[in-house]
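Asker: File name run_0.cif; file contents mmCIF, C-alpha atoms and all ligand atoms; full text below.
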data_query
#
loop_
_atom_site.label_atom_id
_atom_site.label_comp_id
_atom_site.auth_asym_id
_atom_site.auth_seq_id
_atom_site.Cartn_x
_atom_site.Cartn_y
_atom_site.Cartn_z
CA MET A 1 -9.91 7.66 -9.06
CA ILE A 2 -10.87 4.93 -6.54
CA ARG A 3 -14.32 5.05 -5.00
CA ILE A 4 -15.32 2.66 -2.24
CA GLU A 5 -19.04 2.36 -1.59
CA ASN A 6 -20.37 0.64 1.52
CA ILE A 7 -18.09 -2.39 1.45
CA SER A 8 -18.26 -5.01 4.18
CA LYS A 9 -16.29 -8.20 4.62
CA GLN A 10 -16.84 -10.98 7.11
CA PHE A 11 -14.33 -13.77 7.87
CA GLY A 12 -16.50 -16.27 9.75
CA LYS A 13 -17.81 -14.36 12.76
CA LEU A 14 -15.24 -11.58 12.43
CA THR A 15 -16.25 -8.39 10.66
CA ALA A 16 -12.99 -7.33 8.99
CA LEU A 17 -14.59 -4.42 7.11
CA HIS A 18 -17.74 -2.72 8.29
CA ASN A 19 -19.61 -0.62 5.73
CA ILE A 20 -16.59 1.34 4.48
CA SER A 21 -17.11 4.25 2.08
CA THR A 22 -14.48 6.70 0.91
CA SER A 23 -12.67 7.89 -2.18
CA CYS A 24 -9.03 8.41 -3.17
CA ASP A 25 -7.96 10.91 -5.81
CA LYS A 26 -4.91 11.18 -8.01
CA GLY A 27 -1.99 13.27 -6.81
CA GLU A 28 -2.63 12.24 -3.21
CA CYS A 29 -0.45 10.16 -0.94
CA ILE A 30 -2.83 8.58 1.53
CA ALA A 31 -1.74 6.77 4.69
CA LEU A 32 -3.92 3.94 5.93
CA ILE A 33 -3.37 3.84 9.66
CA GLY A 34 -4.87 1.78 12.45
CA PRO A 35 -4.01 -0.81 15.09
CA ASN A 36 -3.05 -4.38 14.14
CA GLY A 37 -6.03 -6.24 12.77
CA SER A 38 -8.07 -3.10 12.05
CA GLY A 39 -8.69 -4.09 8.42
CA LYS A 40 -6.08 -2.10 6.47
CA THR A 41 -4.71 -5.02 4.46
CA THR A 42 -8.22 -6.38 3.87
CA LEU A 43 -9.22 -3.00 2.44
CA ILE A 44 -6.12 -2.89 0.22
CA LYS A 45 -6.75 -6.45 -0.97
CA SER A 46 -10.36 -5.56 -1.74
CA ILE A 47 -9.16 -2.73 -3.98
CA LEU A 48 -6.77 -5.18 -5.66
CA GLY A 49 -9.54 -7.77 -6.19
CA MET A 50 -7.69 -10.29 -3.95
CA VAL A 51 -10.49 -10.18 -1.36
CA ILE A 52 -14.07 -10.05 -2.57
CA PRO A 53 -16.31 -7.95 -0.31
CA ASP A 54 -19.62 -9.48 0.80
CA SER A 55 -21.46 -6.29 -0.08
CA GLY A 56 -20.84 -2.84 -1.52
CA LYS A 57 -18.73 -1.96 -4.53
CA ILE A 58 -15.44 -0.43 -5.58
CA LEU A 59 -15.14 1.79 -8.63
CA PHE A 60 -11.82 2.41 -10.40
CA ASN A 61 -12.02 5.44 -12.70
CA GLY A 62 -15.79 5.14 -12.53
CA LEU A 63 -15.95 1.43 -13.45
CA ASP A 64 -17.01 -1.32 -11.04
CA ILE A 65 -13.99 -3.57 -10.47
CA SER A 66 -15.99 -6.77 -9.88
CA GLY A 67 -15.37 -9.22 -12.71
CA ASN A 68 -13.03 -6.72 -14.37
CA TRP A 69 -9.27 -7.33 -14.20
CA GLN A 70 -8.08 -4.74 -16.69
CA TYR A 71 -7.86 -1.97 -14.08
CA ARG A 72 -5.04 -3.84 -12.30
CA GLU A 73 -2.67 -2.81 -15.10
CA GLU A 74 -2.84 0.65 -13.57
CA ILE A 75 -1.78 -0.53 -10.12
CA GLY A 76 1.64 -1.33 -8.67
CA TYR A 77 1.39 -3.36 -5.46
CA MET A 78 4.04 -3.92 -2.86
CA PRO A 79 2.82 -6.60 -0.43
CA GLN A 80 3.71 -6.71 3.26
CA ILE A 81 5.69 -9.90 2.63
CA GLY A 82 6.86 -10.56 -0.92
CA ARG A 83 6.92 -14.24 -1.88
CA TYR A 84 8.90 -15.36 -4.90
CA PRO A 85 9.97 -18.71 -6.37
CA ASP A 86 12.98 -19.75 -4.24
CA ASN A 87 15.05 -21.15 -7.09
CA MET A 88 14.75 -18.19 -9.43
CA ASN A 89 17.34 -15.45 -9.37
CA ILE A 90 16.41 -11.76 -9.25
CA GLY A 91 16.98 -11.32 -13.00
CA GLN A 92 14.62 -14.21 -13.78
CA VAL A 93 11.94 -12.80 -11.46
CA LEU A 94 12.17 -9.39 -13.15
CA ASP A 95 11.98 -11.00 -16.62
CA MET A 96 9.03 -13.15 -15.56
CA MET A 97 7.13 -10.09 -14.35
CA LYS A 98 7.91 -8.22 -17.57
CA ASP A 99 6.55 -11.19 -19.55
CA ILE A 100 3.39 -11.38 -17.43
CA ARG A 101 2.70 -7.64 -17.60
CA ASN A 102 3.57 -7.59 -21.30
CA ASN A 103 2.70 -3.93 -21.86
CA ASN A 104 4.50 -1.41 -23.97
CA ARG A 105 4.90 1.23 -21.31
CA ALA A 106 8.38 2.61 -20.64
CA LEU A 107 9.83 0.86 -17.61
CA ASP A 108 10.71 2.81 -14.50
CA GLU A 109 13.99 1.30 -13.34
CA ASP A 110 14.88 4.07 -10.85
CA LEU A 111 14.64 1.77 -7.84
CA ILE A 112 16.41 -1.10 -9.57
CA ARG A 113 19.39 1.22 -10.00
CA GLY A 114 18.89 3.14 -6.73
CA PHE A 115 18.87 -0.05 -4.68
CA SER A 116 21.68 -1.54 -6.82
CA ILE A 117 19.45 -4.50 -7.65
CA ASP A 118 21.03 -4.49 -11.10
CA LYS A 119 24.24 -5.71 -9.45
CA LEU A 120 22.49 -8.67 -7.81
CA LEU A 121 20.65 -10.15 -10.78
CA ASN A 122 22.29 -13.58 -10.42
CA LYS A 123 21.39 -13.97 -6.75
CA ARG A 124 18.78 -16.61 -6.01
CA MET A 125 15.68 -15.43 -4.17
CA ARG A 126 16.15 -17.98 -1.38
CA THR A 127 19.56 -16.50 -0.53
CA LEU A 128 18.37 -12.89 -0.15
CA SER A 129 18.09 -11.01 3.14
CA GLY A 130 14.64 -9.78 4.20
CA GLY A 131 15.56 -6.20 3.34
CA THR A 132 16.77 -7.15 -0.14
CA ILE A 133 13.49 -8.99 -0.81
CA GLN A 134 11.70 -5.78 0.25
CA LYS A 135 13.82 -3.83 -2.24
CA VAL A 136 12.88 -6.26 -5.04
CA SER A 137 9.18 -5.90 -4.11
CA ALA A 138 9.49 -2.10 -4.09
CA ALA A 139 11.29 -2.05 -7.45
CA LEU A 140 8.61 -4.31 -8.98
CA ALA A 141 5.76 -2.12 -7.69
CA PHE A 142 7.20 0.91 -9.52
CA LEU A 143 8.64 -0.89 -12.56
CA PHE A 144 5.60 -0.73 -14.84
CA ASN A 145 4.91 2.97 -14.28
CA PRO A 146 1.45 2.43 -12.77
CA LYS A 147 -0.93 5.33 -12.06
CA VAL A 148 -1.69 3.94 -8.61
CA LEU A 149 0.80 2.56 -6.09
CA ILE A 150 -0.41 0.46 -3.18
CA LEU A 151 2.34 -0.08 -0.63
CA ASP A 152 1.73 -2.31 2.40
CA GLU A 153 4.30 -1.61 5.15
CA PRO A 154 6.92 -0.70 2.54
CA THR A 155 9.71 0.64 4.74
CA ALA A 156 9.65 -2.15 7.36
CA GLY A 157 12.99 -3.93 7.01
CA LEU A 158 14.67 -1.31 4.79
CA ASP A 159 17.89 0.23 6.05
CA PRO A 160 17.84 4.04 6.60
CA VAL A 161 19.54 4.84 3.28
CA ALA A 162 17.16 2.64 1.29
CA SER A 163 14.20 3.97 3.23
CA GLU A 164 15.11 7.62 2.45
CA LEU A 165 15.66 6.83 -1.22
CA PHE A 166 12.32 5.07 -1.34
CA LYS A 167 10.51 7.98 0.30
CA GLU A 168 12.04 10.40 -2.22
CA LYS A 169 10.73 8.17 -5.00
CA ILE A 170 7.23 8.18 -3.51
CA VAL A 171 7.22 12.00 -3.29
CA ALA A 172 8.43 12.28 -6.90
CA GLU A 173 5.66 9.96 -8.13
CA LYS A 174 3.00 11.80 -6.13
CA GLU A 175 4.14 15.04 -7.74
CA LYS A 176 3.65 13.45 -11.16
CA GLY A 177 -0.03 13.06 -10.22
CA LYS A 178 -0.03 9.42 -9.17
CA LEU A 179 -2.18 8.11 -6.35
CA ILE A 180 -0.23 6.44 -3.56
CA LEU A 181 -1.88 4.39 -0.82
CA ILE A 182 0.47 3.38 1.94
CA THR A 183 0.10 1.51 5.21
CA SER A 184 2.76 1.80 7.85
CA HIS A 185 3.20 1.51 11.58
CA ILE A 186 6.40 3.53 11.31
CA LEU A 187 4.59 6.85 11.55
CA SER A 188 7.79 8.92 11.56
CA ASP A 189 8.32 7.68 7.99
CA LEU A 190 5.01 9.17 6.88
CA ASP A 191 5.39 12.72 8.19
CA ASP A 192 6.90 14.33 5.10
CA LEU A 193 5.18 12.00 2.72
CA VAL A 194 1.44 11.87 3.10
CA SER A 195 -1.24 14.40 2.25
CA ARG A 196 -4.20 12.52 3.74
CA ILE A 197 -4.92 10.00 6.48
CA ILE A 198 -7.49 7.23 6.60
CA TYR A 199 -7.80 5.95 10.16
CA MET A 200 -9.34 2.51 10.74
CA GLN A 201 -10.25 0.64 13.86
CA ASP A 202 -12.11 -2.67 14.31
CA GLY A 203 -12.95 -2.78 10.60
CA LYS A 204 -14.51 0.68 10.66
CA LEU A 205 -13.30 3.80 8.94
CA ILE A 206 -13.08 6.32 11.77
CA PHE A 207 -12.01 9.26 9.60
CA HIS A 208 -10.47 10.27 6.27
CA LYS A 209 -9.01 13.77 6.42
CA SER A 210 -6.09 15.88 5.26
CA ILE A 211 -2.94 15.90 7.36
CA GLU A 212 -3.42 19.66 7.92
CA GLN A 213 -6.89 19.01 9.30
CA LEU A 214 -5.59 16.22 11.55
CA ARG A 215 -2.88 18.54 12.89
CA LYS A 216 -5.47 21.22 13.51
CA ASP A 217 -7.90 18.82 15.22
CA THR A 218 -5.27 17.31 17.52
CA GLY A 219 -3.08 20.41 18.02
CA GLU A 220 -0.07 18.21 17.29
CA GLU A 221 2.47 18.89 14.57
CA ARG A 222 3.93 15.39 14.28
CA LEU A 223 1.88 12.52 12.90
CA VAL A 224 3.06 10.10 15.56
CA ARG A 225 1.68 12.36 18.30
CA SER A 226 -1.57 13.09 16.45
CA ILE A 227 -2.22 9.39 15.92
CA ALA A 228 -1.26 8.51 19.50
CA GLN A 229 -3.97 10.94 20.58
CA VAL A 230 -6.54 9.47 18.18
CA MET A 231 -5.70 5.91 19.26
CA ALA A 232 -6.00 6.81 22.94
CA GLU A 233 -9.43 8.38 22.33
CA ASN A 234 -10.66 5.35 20.41
CA TYR A 235 -9.39 2.85 22.97
CA GLU A 236 -11.54 4.42 25.69
N1 LIG A 301 -8.15 -14.65 5.02
C1 LIG A 301 -8.55 -14.39 6.26
N2 LIG A 301 -9.25 -15.31 6.96
C2 LIG A 301 -9.67 -15.05 8.22
N3 LIG A 301 -9.44 -13.89 8.88
C3 LIG A 301 -8.76 -12.95 8.22
C4 LIG A 301 -8.26 -13.14 6.89
N4 LIG A 301 -7.62 -12.03 6.51
C5 LIG A 301 -7.68 -11.17 7.54
N5 LIG A 301 -8.36 -11.72 8.57
C6 LIG A 301 -8.67 -11.08 9.85
O1 LIG A 301 -9.25 -9.82 9.55
C7 LIG A 301 -8.82 -8.83 10.51
C8 LIG A 301 -8.20 -7.67 9.75
O2 LIG A 301 -6.96 -8.10 9.22
P1 LIG A 301 -6.02 -7.16 8.34
O3 LIG A 301 -4.88 -7.99 7.89
O4 LIG A 301 -6.84 -6.47 7.32
O5 LIG A 301 -5.54 -6.10 9.45
P2 LIG A 301 -4.44 -4.96 9.36
O6 LIG A 301 -5.08 -3.71 9.82
O7 LIG A 301 -3.81 -4.95 8.00
O8 LIG A 301 -3.39 -5.46 10.46
P3 LIG A 301 -1.79 -5.28 10.62
O9 LIG A 301 -1.58 -3.86 11.06
O10 LIG A 301 -1.46 -6.25 11.69
O11 LIG A 301 -1.15 -5.59 9.30
C9 LIG A 301 -7.85 -9.55 11.44
O12 LIG A 301 -8.54 -9.92 12.61
C10 LIG A 301 -7.41 -10.77 10.66
O13 LIG A 301 -7.09 -11.84 11.51
#
Just give me the structure of the file as structure tokens.
Ligand SMILES: Nc1ncnc2c1ncn2[C@@H]1O[C@H](COP(=O)(O)OP(=O)(O)OP(=O)(O)O)[C@@H](O)[C@H]1O
Answerer:
Amino acid sequence: MIRIENISKQFGKLTALHNISTSCDKGECIALIGPNGSGKTTLIKSILGMVIPDSGKILFNGLDISGNWQYREEIGYMPQIGRYPDNMNIGQVLDMMKDIRNNNRALDEDLIRGFSIDKLLNKRMRTLSGGTIQKVSAALAFLFNPKVLILDEPTAGLDPVASELFKEKIVAEKEKGKLILITSHILSDLDDLVSRIIYMQDGKLIFHKSIEQLRKDTGEERLVRSIAQVMAENYE
């Protein structure tokens, strides 16, 4: 579904992405894991067309994404920090996004109801708590029924009830055959969720393997312990 071929990205002297190649298939929930600054968000933004790699290419359903914006209709993106016009209320933000997307697909309002956002429609964005802004971002990512969901640190700031509800939603969407790419430092949140792991460090892709393979390779059942082992090895 998404194929990444030899992409590199330099910010001044810093190599944020170093010759990354991999592919992501539908029906998978893939965790992008790595230390701070390892290039996860840069990789995600490259897939979204928000960062343009210096070299290499990205194919979405076989088509090169460069100069092509149509493919973004198939993606729901939840950014690490959602930024919205301060003076708009939640209802206006939702309506604005519906106008911009302007497609005829049935809306998926599960999270709007699940997070009770429908009871807060008159609240102005500038008055919302951090967690409520996260809920709005999550609801927007799923709203247009995209085939691919890209979630950057989605559970950071969500309370435990919201976080569980959100994880159930992710599992349900994966089972429908969607591709979910998720970055998180809260590894305990990923245990029951992800089928594959991409591990990055210093802009390099160290491995992309199934969670079963990672467990086998590290002899650890829990993701947090497996990754702690991988990180320790790569810090040496
Ligand atoms: N627009 C930019 N201009 C300059 N440097 C950038 C830019 N975007 C990212 N970087 C740098 O690229 C490197 C990779 O950043 P990136 O945000 O992709 O890391 P990350 O793995 O997502 O980190 P975190 O876990 O902290 O979210 C960092 O050193 C960062 O400072």
Asker: With all atoms listed in the file counted, collect every polymer residue having an atom within 12 Å of ligand LIG 301 (chain A); state the result as a PyMOL selection string.
Answerer: chain A and resi 8-18+32-46+50-53+79-81+151-154+156+182-186+198-205
Asker: With all atoms listed in the file as the atoms that count, which of A:Glu212, A:Ser137, A:Arg196, A:Asn234 lies nearest to Cys24 (chain A)?
Answerer: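 The answer is A:Arg196, which sits nearest to Cys24 (chain A).
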Asker: Taking (10.5, 8.2, 0.4) in the file's coordinates as the center, which residues reach within 10 Å of it, counting only C-alpha atoms, put as a PyMOL selection string?
Answerer: chain A and resi 154-155+162-173+189-190+192-193
Asker: Separation of CA of Thr22 (chain A) and CA of Gln229 (chain A), in Å?
Answerer: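 Here the two named atoms are 22.7 Å from each other.
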Asker: Quick one: pull the distance between CA of Ile30 (chain A) and CA of Ile4 (chain A), Å, one decimal.
Answerer: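 The value is 14.3 Å.
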Asker: Quick one: residues within 8 Å of region 26-28 of chain A, all atoms listed in the file, excluding same-chain residues fewer than 2 positions away - as a compact mmCIF listing (two decimals) with C-alpha atoms, in the coordinates of the input?
Answerer:
# COMPACT_ATOMS: atom_id res chain seq x y z
CA MET A 1 -9.91 7.66 -9.06
CA CYS A 24 -9.03 8.41 -3.17
CA ILE A 30 -2.83 8.58 1.53
CA VAL A 148 -1.69 3.94 -8.61
CA LYS A 174 3.00 11.80 -6.13
CA GLU A 175 4.14 15.04 -7.74
CA LYS A 176 3.65 13.45 -11.16
CA GLY A 177 -0.03 13.06 -10.22
CA LYS A 178 -0.03 9.42 -9.17
CA LEU A 179 -2.18 8.11 -6.35
CA ILE A 180 -0.23 6.44 -3.56
CA VAL A 194 1.44 11.87 3.10
CA SER A 195 -1.24 14.40 2.25
CA ARG A 196 -4.20 12.52 3.74
